[in-house]
Amino acid sequence: MGDIRRRGAVALGVTGLVAPLTLAVTAAPAQAASCTTQAGPYQKQVEKFLGRPVDGRQSATDCRAIQAFQNKHGITPAIGYAGPVTWGVMDLMNKQRAVGDNPNKAGRCPVNKGRIACVNLTLQISWIQDGSRLVYGPVPVRTGRKGYVTRTGLKKIYWRDIDHVSNIYDVPMPYSQFFDGGQAFHSVNLSMWNPPGSHGCVNMTTTTAKKYWSLLRTGDDVFVYGRKPGT
């Protein structure tokens with residue numbers, strides 16, 4: 001999230017995709033955190049998600065697998081503990097996968113607006129549809145954390161800046177498409193499941209943000225609904 005400041009001319013659009021970038025997380029300390037020997041309250045659920053033997057007991061291999069997942073998605077402390085934050089991310093992933101190719105099954109996103117970008121805060125997914133036809137997605141996104149929630153309702157993209165930089169947080173916001181005050185679609189070099197969330201923007205991978213840039217235009221509708229877990 002950030003108010004408006006340009007860095008050069010606004011591009012007219014980007015077509016095509018590039019290979020997905022590896023999701024970046026906070027740089028690891030010089031010495032990796034040690035693994036816990038303690039089983040967590042979600043040990044069995046986490047073991048099942050990771051394809052480990054489901055016995056509810058923490059093993060050294062279990063811990064290393066959990067720790068790798070935590071490091072990949074920026075979950076701290078990354079000590080291999082099967083706690084509520086780690087399981088919450090995994091549970092959300094399961095729910096996102098269950099959506100399949102019918103993200104608007106409940107009919108919450110309007111089908112009478114033509115091309116529209118939909119954001120389901122509850123499931124942390126977004127897609128683009130044209131009437132009832134799915135154009136792109138669904139894809140995982142990262143929306144506003146507690147205290148910085150992504151505002152719900154029907155919006156319109158009012159300004160686009162391919163090289164935007166936030167003058168609040170002084171961070172790049174590539175492929176920004178603003179739809180509500182300082183809130184915008186834009187890419188980040190973070191896992192889409194990195195807690196606790198954004199400062200209100202709808203974060204995307206670079207590949208997704210480029211695709212949204214190519215498919216959407218100023219004046220297109222955006223509909224945000226639901227409630228992000230924990231907000």
# chains A, B, ... in the order shown; residues from 1 in each chain; ligands from 1

$ select_by_dssp --residues "range 1-177 of chain A" --states "alpha helix (DSSP H)" --output "NGL selection string"
:A and (43-49 or 60-73 or 84-99)

$ residues_around --residues "Arg52 in chain A" --least-positions-apart "2" --cutoff "12 Å" --atoms "only C-alpha atoms" --output "PyMOL selection string"
chain A and resi 43-50+54-66

$ residues_around --residues "range 94-103 of chain A" --least-positions-apart "5" --cutoff "9 Å" --atoms "only C-alpha atoms" --output "VMD selection string"
chain A and resid 49 89 120 123 to 127 134 137 to 140

$ closest_residue --among "A:Gly181, A:Pro84, A:Gly230, A:Pro195" --to "Gly147 in chain A" --atoms "only C-alpha atoms"
A:Gly230

$ residues_around --residues "Cys118 in chain A" --least-positions-apart "3" --cutoff "12 Å" --atoms "only C-alpha atoms" --output "PyMOL selection string"
chain A and resi 103-104+107-111+113-115+121+123-132+134-141+152-156+179+185+202+212+216+220-226

$ select_by_dssp --residues "range 67-192 of chain A" --states "strand (DSSP E or B)" --output "ChimeraX atom specification"
/A:115-120,125-130,133-140,142,144,153-156,159-165,172-180,183-187

$ residues_around --residues "Thr76 in chain A" --least-positions-apart "4" --cutoff "12 Å" --atoms "only C-alpha atoms" --output "PyMOL selection string"
chain A and resi 25-26+28+33+66-72+80-86+194-196

$ atom_distance --atom1 "CA of Trp213 in chain A" --atom2 "CA of Thr122 in chain A"
23.7 Å

$ atom_distance --atom1 "CA of Tyr148 in chain A" --atom2 "CA of Asn203 in chain A"
13.2 Å

$ atom_distance --atom1 "CA of His199 in chain A" --atom2 "CA of Thr231 in chain A"
12.1 Å

$ residues_around --residues "range 187-192 of chain A" --least-positions-apart "3" --cutoff "8 Å" --atoms "only C-alpha atoms" --output "VMD selection string"
chain A and resid 23 to 25 72 to 74 140 to 142 173 to 176 203 to 206 208 to 209

$ closest_residue --among "A:Ser214, A:Ala39, A:Ile157, A:Pro229" --to "Gly88 in chain A" --atoms "only C-alpha atoms"
A:Pro229
